[in-house]
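Structure data (compact mmCIF, C-alpha atoms) from query-v6.txt:
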# COMPACT_ATOMS: atom_id res chain seq x y z
CA SER T 150 -48.37 -39.84 24.16
CA GLY T 151 -45.42 -42.24 24.25
CA GLY T 152 -44.19 -40.85 20.90
CA ALA T 153 -44.34 -37.29 22.18
CA GLY T 154 -42.52 -38.29 25.34
CA GLY T 155 -39.86 -40.02 23.27
CA GLY T 156 -39.44 -36.93 21.07
CA GLY T 157 -39.09 -34.75 24.14
CA GLY T 158 -36.42 -37.10 25.49
CA ASP T 159 -34.40 -36.86 22.25
CA SER T 160 -34.59 -33.04 22.24
CA SER T 161 -33.40 -32.83 25.83
CA GLY T 162 -30.61 -35.25 25.05
CA GLY T 163 -29.58 -33.10 22.05
CA LYS T 164 -29.44 -29.97 24.17
CA ALA T 165 -27.41 -31.74 26.81
CA THR T 166 -24.96 -32.93 24.15
CA ALA T 167 -24.56 -29.40 22.74
CA SER T 168 -24.10 -28.00 26.25
CA ASN T 169 -21.53 -30.67 27.05
CA LYS T 170 -19.66 -29.81 23.83
CA ILE T 171 -19.45 -26.11 24.80
CA ASP T 172 -18.33 -27.05 28.30
CA ASP T 173 -15.68 -29.35 26.83
CA GLU T 174 -14.35 -26.54 24.59
CA ASP T 175 -14.15 -24.17 27.58
CA ASP T 176 -12.38 -26.85 29.59
CA ASP T 177 -9.90 -27.40 26.75
CA ALA T 178 -9.14 -23.67 26.51
CA SER T 179 -8.71 -23.42 30.28
CA GLU T 180 -6.51 -26.52 30.31
CA GLY T 181 -4.40 -25.13 27.46
CA SER T 182 -3.85 -21.84 29.29
CA THR T 183 -2.93 -23.70 32.48
CA THR T 184 -0.47 -25.87 30.56
CA LEU T 185 1.23 -22.82 29.02
CA SER T 186 1.48 -21.15 32.44
CA SER T 187 3.04 -24.30 33.89
CA LEU T 188 5.47 -24.50 30.98
CA LEU T 189 6.54 -20.88 31.54
CA ARG T 190 7.21 -21.58 35.22
CA LEU T 191 9.35 -24.58 34.34
CA LEU T 192 11.30 -22.67 31.70
CA ALA T 193 11.97 -19.91 34.23
CA LYS T 194 13.24 -22.45 36.75
CA TYR T 195 15.25 -24.88 34.61
CA GLN T 196 17.74 -24.51 31.77
CA LEU T 197 17.01 -27.00 28.99
CA ALA T 198 19.90 -29.22 27.96
CA GLY T 199 21.39 -28.86 24.50
CA ILE T 200 20.29 -25.25 23.84
CA SER T 201 21.76 -21.85 24.70
CA LYS T 202 20.22 -19.32 27.08
CA VAL T 203 19.25 -17.11 24.13
CA GLU T 204 17.50 -20.04 22.43
CA GLN T 205 15.62 -20.76 25.66
CA MET T 206 14.61 -17.10 25.80
CA GLU T 207 13.18 -17.47 22.29
CA ILE T 208 11.14 -20.45 23.48
CA VAL T 209 9.86 -18.48 26.49
CA ALA T 210 8.93 -15.57 24.23
CA LEU T 211 7.10 -17.90 21.86
CA VAL T 212 5.13 -19.53 24.68
CA GLU T 213 4.25 -16.13 26.19
CA THR T 214 3.08 -14.90 22.80
CA ILE T 215 0.90 -17.97 22.17
CA LYS T 216 -0.63 -17.54 25.63
CA LYS T 217 -1.45 -13.87 25.00
CA GLN T 218 -2.86 -14.59 21.54
CA GLU T 219 -5.62 -16.68 23.11
CA HIS T 220 -7.37 -13.39 23.97
CA GLN T 221 -6.71 -11.61 20.65
CA ASN T 222 -8.98 -11.52 17.61
CA PHE T 223 -6.15 -12.20 15.14
CA ASP T 224 -6.09 -13.99 11.82
CA ASP T 225 -3.08 -16.16 10.89
CA CYS T 226 -1.11 -13.28 9.33
CA ALA T 227 -1.60 -11.09 12.40
CA LYS T 228 -0.52 -13.96 14.64
CA LYS T 229 2.71 -14.42 12.67
CA PHE T 230 3.50 -10.70 12.80
CA SER T 231 2.72 -10.34 16.51
CA THR T 232 4.79 -13.44 17.28
CA ILE T 233 7.86 -12.03 15.50
CA VAL T 234 7.46 -8.62 17.16
CA GLN T 235 6.89 -10.11 20.61
CA ILE T 236 9.90 -12.43 20.38
CA ASP T 237 12.14 -9.59 19.22
CA TYR T 238 10.87 -7.36 22.03
CA TYR T 239 11.35 -10.07 24.65
CA LEU T 240 14.92 -10.78 23.54
CA GLN T 241 15.84 -7.09 23.45
CA ARG T 242 14.40 -6.60 26.92
CA SER T 243 15.98 -9.76 28.39
CA LEU T 244 19.41 -9.05 26.89
CA GLY T 245 19.41 -5.45 28.11
CA GLY T 246 18.92 -3.85 24.72
CA GLY T 247 16.13 -1.40 25.54
CA GLY T 248 14.57 -2.86 28.65
CA GLY T 249 13.19 0.56 29.54
CA GLY T 250 11.03 0.77 26.45
CA ASP T 251 7.49 2.01 26.81
CA SER T 252 5.85 -0.33 24.30
CA VAL T 253 6.31 -3.48 22.24
CA GLY T 254 7.88 -1.60 19.37
CA SER T 255 10.13 0.58 21.51
CA SER T 256 13.03 -1.85 21.77
CA GLY T 257 12.44 -4.06 18.77
CA GLY T 258 9.97 -4.62 15.98
CA GLY T 259 11.30 -7.57 14.05
CA SER T 260 12.71 -7.20 10.56
CA SER T 261 10.96 -5.23 7.83
CA SER T 262 10.10 -8.54 6.14
CA SER T 263 7.73 -9.28 9.05
CA TRP T 264 5.68 -6.22 8.10
CA PHE T 265 4.31 -8.08 5.09
CA TRP T 266 2.42 -10.43 7.43
CA ALA T 267 0.70 -7.38 8.90
CA LEU T 268 0.12 -5.94 5.41
CA HIS T 269 -1.82 -9.06 4.34
CA SER T 270 -3.73 -9.35 7.60
CA GLU T 271 -7.47 -8.74 7.78
CA SER T 272 -7.13 -8.06 11.52
CA GLN T 273 -5.23 -4.80 11.19
CA GLN T 274 -7.47 -2.85 13.57
CA SER T 275 -7.04 -5.49 16.29
CA LEU T 276 -3.32 -5.59 15.55
CA LEU T 277 -3.04 -1.82 15.93
CA HIS T 278 -4.95 -1.89 19.22
CA TRP T 279 -2.57 -4.61 20.45
CA LEU T 280 0.43 -2.43 19.62
CA GLN T 281 -1.19 0.57 21.31
CA ARG T 282 -1.69 -1.14 24.67
CA LYS T 283 1.00 1.23 25.92
CA PRO T 284 1.80 4.69 24.50
CA MET T 285 3.54 4.61 21.13
CA TYR T 286 5.95 7.25 19.84
CA TRP T 287 7.50 7.84 16.42
CA SER T 288 10.45 5.56 17.19
CA SER T 289 8.28 2.60 18.22
CA SER T 290 5.78 3.21 15.40
CA LYS T 291 8.61 3.25 12.85
CA LYS T 292 10.18 0.05 14.20
CA VAL T 293 6.99 -1.95 13.66
CA GLY T 294 6.29 -0.31 10.28
CA VAL T 295 2.75 0.91 11.00
CA SER T 296 2.83 3.49 8.20
CA VAL T 297 3.93 0.77 5.75
CA TRP T 298 1.36 -1.94 6.40
CA LEU T 299 -1.73 -0.11 7.72
CA ARG T 300 -4.09 0.10 4.73
CA SER T 301 -6.90 2.15 6.29
CA LEU T 302 -6.28 5.90 6.01
CA PRO T 303 -8.77 6.75 8.82
CA LEU T 304 -6.98 4.27 11.12
CA LEU T 305 -3.59 5.67 10.11
CA ARG T 306 -4.77 9.20 10.86
CA GLN T 307 -6.10 8.09 14.26
CA HIS T 308 -2.77 6.41 14.97
CA VAL T 309 -0.78 9.53 14.06
CA GLU T 310 -3.04 11.67 16.26
CA ALA T 311 -2.50 9.24 19.16
CA VAL T 312 1.28 9.35 18.65
CA VAL T 313 1.23 13.17 18.61
CA LYS T 314 -0.76 13.27 21.86
CA ASN T 315 1.65 10.80 23.46
CA ILE T 316 4.63 12.95 22.46
CA PHE T 317 3.04 16.06 23.94
CA ASN T 318 2.02 14.28 27.14
CA LYS T 319 5.57 13.02 27.56
CA HIS T 320 7.43 16.28 26.92
CA GLN T 321 4.72 18.86 27.70
CA MET T 322 6.15 21.06 24.92
CA ALA T 323 3.98 22.33 22.08
CA ASP T 324 7.10 22.89 19.94
CA GLU T 325 7.59 19.10 19.83
CA VAL T 326 4.30 18.57 18.01
CA ALA T 327 3.73 21.88 16.18
CA LEU T 328 4.57 20.64 12.67
CA LEU T 329 2.63 17.43 13.24
CA TYR T 330 -0.51 19.29 14.28
CA LEU T 331 -0.21 21.53 11.23
CA ALA T 332 0.23 18.48 8.98
CA LEU T 333 -2.95 17.04 10.48
CA ASN T 334 -4.72 20.36 9.75
CA LYS T 335 -5.27 20.93 13.47
CA LYS T 336 -4.02 24.50 13.76
CA THR T 337 -6.76 25.45 16.23
CA ALA T 338 -5.70 22.63 18.56
CA LEU T 339 -2.08 23.79 18.30
CA ILE T 340 -3.07 27.35 19.19
CA GLN T 341 -4.90 26.04 22.26
CA LEU T 342 -1.78 24.10 23.28
CA TYR T 343 0.35 27.23 23.09
CA LYS T 344 -2.23 29.14 25.11
CA ALA T 345 -2.23 26.36 27.70
CA MET T 346 1.57 26.67 27.86
CA ARG T 347 1.09 30.46 28.26
CA ASN T 348 3.01 31.16 25.07
CA GLU T 349 0.80 33.95 23.76
CA LYS T 350 3.41 35.02 21.18
CA LEU T 351 3.23 31.77 19.21
CA ALA T 352 -0.48 31.37 19.86
CA THR T 353 -1.01 34.75 18.19
CA PHE T 354 1.46 33.93 15.41
CA PHE T 355 -0.32 30.72 14.42
CA SER T 356 -3.72 32.40 14.56
CA HIS T 357 -2.84 34.34 11.40
CA HIS T 358 -3.73 33.14 7.89
CA PHE T 359 -0.75 31.87 5.86
CA ASP T 360 -2.50 30.56 2.74
CA VAL T 361 -2.49 33.43 0.24
CA SER T 362 -4.77 31.62 -2.22
CA THR T 363 -7.66 31.36 0.27
CA ALA T 364 -7.08 34.44 2.43
CA ALA T 365 -9.50 37.36 2.31
CA ASP T 366 -6.63 39.78 2.92
CA LYS T 367 -3.96 38.43 0.56
CA GLU T 368 -1.38 41.09 1.42
CA ASP T 369 -1.62 40.32 5.11
CA ALA T 370 -1.44 36.56 4.40
CA GLU T 371 1.64 37.07 2.21
CA ARG T 372 3.34 39.07 4.96
CA TRP T 373 2.73 36.33 7.52
CA ARG T 374 3.70 33.61 5.05
CA LYS T 375 7.09 35.32 4.55
CA ALA T 376 7.47 35.64 8.31
CA ALA T 377 6.76 31.93 8.71
CA VAL T 378 9.32 31.00 6.06
CA LYS T 379 11.90 33.30 7.67
CA ASN T 380 11.38 31.73 11.09
CA ALA T 381 11.14 28.14 9.87

Give the structure from the file, written as structure tokens.
Amino acid sequence: SGGAGGGGGDSSGGKATASNKIDDEDDDASEGSTTLSSLLRLLAKYQLAGISKVEQMEIVALVETIKKQEHQNFDDCAKKFSTIVQIDYYLQRSLGGGGGGDSVGSSGGGSSSSWFWALHSESQQSLLHWLQRKPMYWSSSKKVGVSVWLRSLPLLRQHVEAVVKNIFNKHQMADEVALLYLALNKKTALIQLYKAMRNEKLATFFSHHFDVSTAADKEDAERWRKAAVKNA
């Protein structure tokens, strides 16, 4: 009976130790976040001696990035890429070089050499979601090199579709995204956009078959293909 009681005591002690370890890790994470927040407040209030304002901005950007990365599922390569992009964005915004940008990549995306960190990352999906926190357009997508480093074709297609939707939502003009929808093989969606914009002429135009090789009526397809080339 004593042996069983002793065994039970050891098990309870083991569970308590494991629980304490988890609590300690949570406390450390919370303490780290609090420390970074305090550091940001101090950097915003005081100018450090011996460094320029731009250098202090770089430090602020680095601290902000580290703080945000606590909640991201990034590997080391993704962390390096996001740090470079975030610092570049912060400096551009703080120095007035694109402060009105809509997303991280809108005012700066680091140098093209930073794209190789993203290329070798195994956290590309998480990285893409991080970049897409705000609407991305072709300019911002190009600046962070998404089409260069994103290895997954399905993810790249999803990204392009999201960019196209963002462009249309911003300008509310089907002409802005017509070629992109055709490149994505989404002619039906494009026709619906033109109908929504009450442009029946172009909606009717795009409803015709332009591929002579697959058309049932090849003469009709050839006629519309020539019309498309003429109006391109």

Exercise for review: Find the residues near stretch 212-219 of chain T: any atom within 12 Å, counting all atoms listed in the file, skip ones fewer than 5 places away on the same chain, and give them as an NGL selection string.
Suggested key: :T and (178-193 or 205-207 or 224-225 or 227-239 or 253 or 275-276 or 279)

Filtering to C-alpha atoms, could you give me those residues as a PDB file, in the frame of the given file?
ATOM      1  CA  ALA T 178      -9.140 -23.670  26.510  1.00  0.00           C
ATOM      2  CA  SER T 179      -8.710 -23.420  30.280  1.00  0.00           C
ATOM      3  CA  GLU T 180      -6.510 -26.520  30.310  1.00  0.00           C
ATOM      4  CA  GLY T 181      -4.400 -25.130  27.460  1.00  0.00           C
ATOM      5  CA  SER T 182      -3.850 -21.840  29.290  1.00  0.00           C
ATOM      6  CA  THR T 183      -2.930 -23.700  32.480  1.00  0.00           C
ATOM      7  CA  THR T 184      -0.470 -25.870  30.560  1.00  0.00           C
ATOM      8  CA  LEU T 185       1.230 -22.820  29.020  1.00  0.00           C
ATOM      9  CA  SER T 186       1.480 -21.150  32.440  1.00  0.00           C
ATOM     10  CA  SER T 187       3.040 -24.300  33.890  1.00  0.00           C
ATOM     11  CA  LEU T 188       5.470 -24.500  30.980  1.00  0.00           C
ATOM     12  CA  LEU T 189       6.540 -20.880  31.540  1.00  0.00           C
ATOM     13  CA  ARG T 190       7.210 -21.580  35.220  1.00  0.00           C
ATOM     14  CA  LEU T 191       9.350 -24.580  34.340  1.00  0.00           C
ATOM     15  CA  LEU T 192      11.300 -22.670  31.700  1.00  0.00           C
ATOM     16  CA  ALA T 193      11.970 -19.910  34.230  1.00  0.00           C
ATOM     17  CA  GLN T 205      15.620 -20.760  25.660  1.00  0.00           C
ATOM     18  CA  MET T 206      14.610 -17.100  25.800  1.00  0.00           C
ATOM     19  CA  GLU T 207      13.180 -17.470  22.290  1.00  0.00           C
ATOM     20  CA  ASP T 224      -6.090 -13.990  11.820  1.00  0.00           C
ATOM     21  CA  ASP T 225      -3.080 -16.160  10.890  1.00  0.00           C
ATOM     22  CA  ALA T 227      -1.600 -11.090  12.400  1.00  0.00           C
ATOM     23  CA  LYS T 228      -0.520 -13.960  14.640  1.00  0.00           C
ATOM     24  CA  LYS T 229       2.710 -14.420  12.670  1.00  0.00           C
ATOM     25  CA  PHE T 230       3.500 -10.700  12.800  1.00  0.00           C
ATOM     26  CA  SER T 231       2.720 -10.340  16.510  1.00  0.00           C
ATOM     27  CA  THR T 232       4.790 -13.440  17.280  1.00  0.00           C
ATOM     28  CA  ILE T 233       7.860 -12.030  15.500  1.00  0.00           C
ATOM     29  CA  VAL T 234       7.460  -8.620  17.160  1.00  0.00           C
ATOM     30  CA  GLN T 235       6.890 -10.110  20.610  1.00  0.00           C
ATOM     31  CA  ILE T 236       9.900 -12.430  20.380  1.00  0.00           C
ATOM     32  CA  ASP T 237      12.140  -9.590  19.220  1.00  0.00           C
ATOM     33  CA  TYR T 238      10.870  -7.360  22.030  1.00  0.00           C
ATOM     34  CA  TYR T 239      11.350 -10.070  24.650  1.00  0.00           C
ATOM     35  CA  VAL T 253       6.310  -3.480  22.240  1.00  0.00           C
ATOM     36  CA  SER T 275      -7.040  -5.490  16.290  1.00  0.00           C
ATOM     37  CA  LEU T 276      -3.320  -5.590  15.550  1.00  0.00           C
ATOM     38  CA  TRP T 279      -2.570  -4.610  20.450  1.00  0.00           C
TER      39      TRP T 279
END

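With all atoms listed in the file as the atoms that count, the minimum distance from T:Gln321 to the choices T:Met285, T:Leu299, T:Leu268, T:Leu342 is reached by T:Leu342.
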
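Atom to atom, atom CA of T:Gly294 and atom CA of T:Leu339 stand 26.7 Å apart.
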
Give me, please, the distance in Å between atom CA of T:Leu211 and atom CA of T:Lys283, quoted to one decimal.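 Between these atoms lies a distance of 20.5 Å.
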
Expressed in Å, the length from atom CA of T:Tyr286 to atom CA of T:Phe317 is 10.1 Å

T:Thr337 proximity check over T:Val293, T:Leu304, T:Leu240, T:Ala352, using all atoms listed in the file: winner is T:Ala352

| request: Return the single residue from T:Ile208, T:Phe355, T:Arg306, T:Ala345 that is closest to T:Ala327, with distances computed using all atoms listed in the file. | output: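 For T:Ala327, the nearest of the given residues is T:Phe355.
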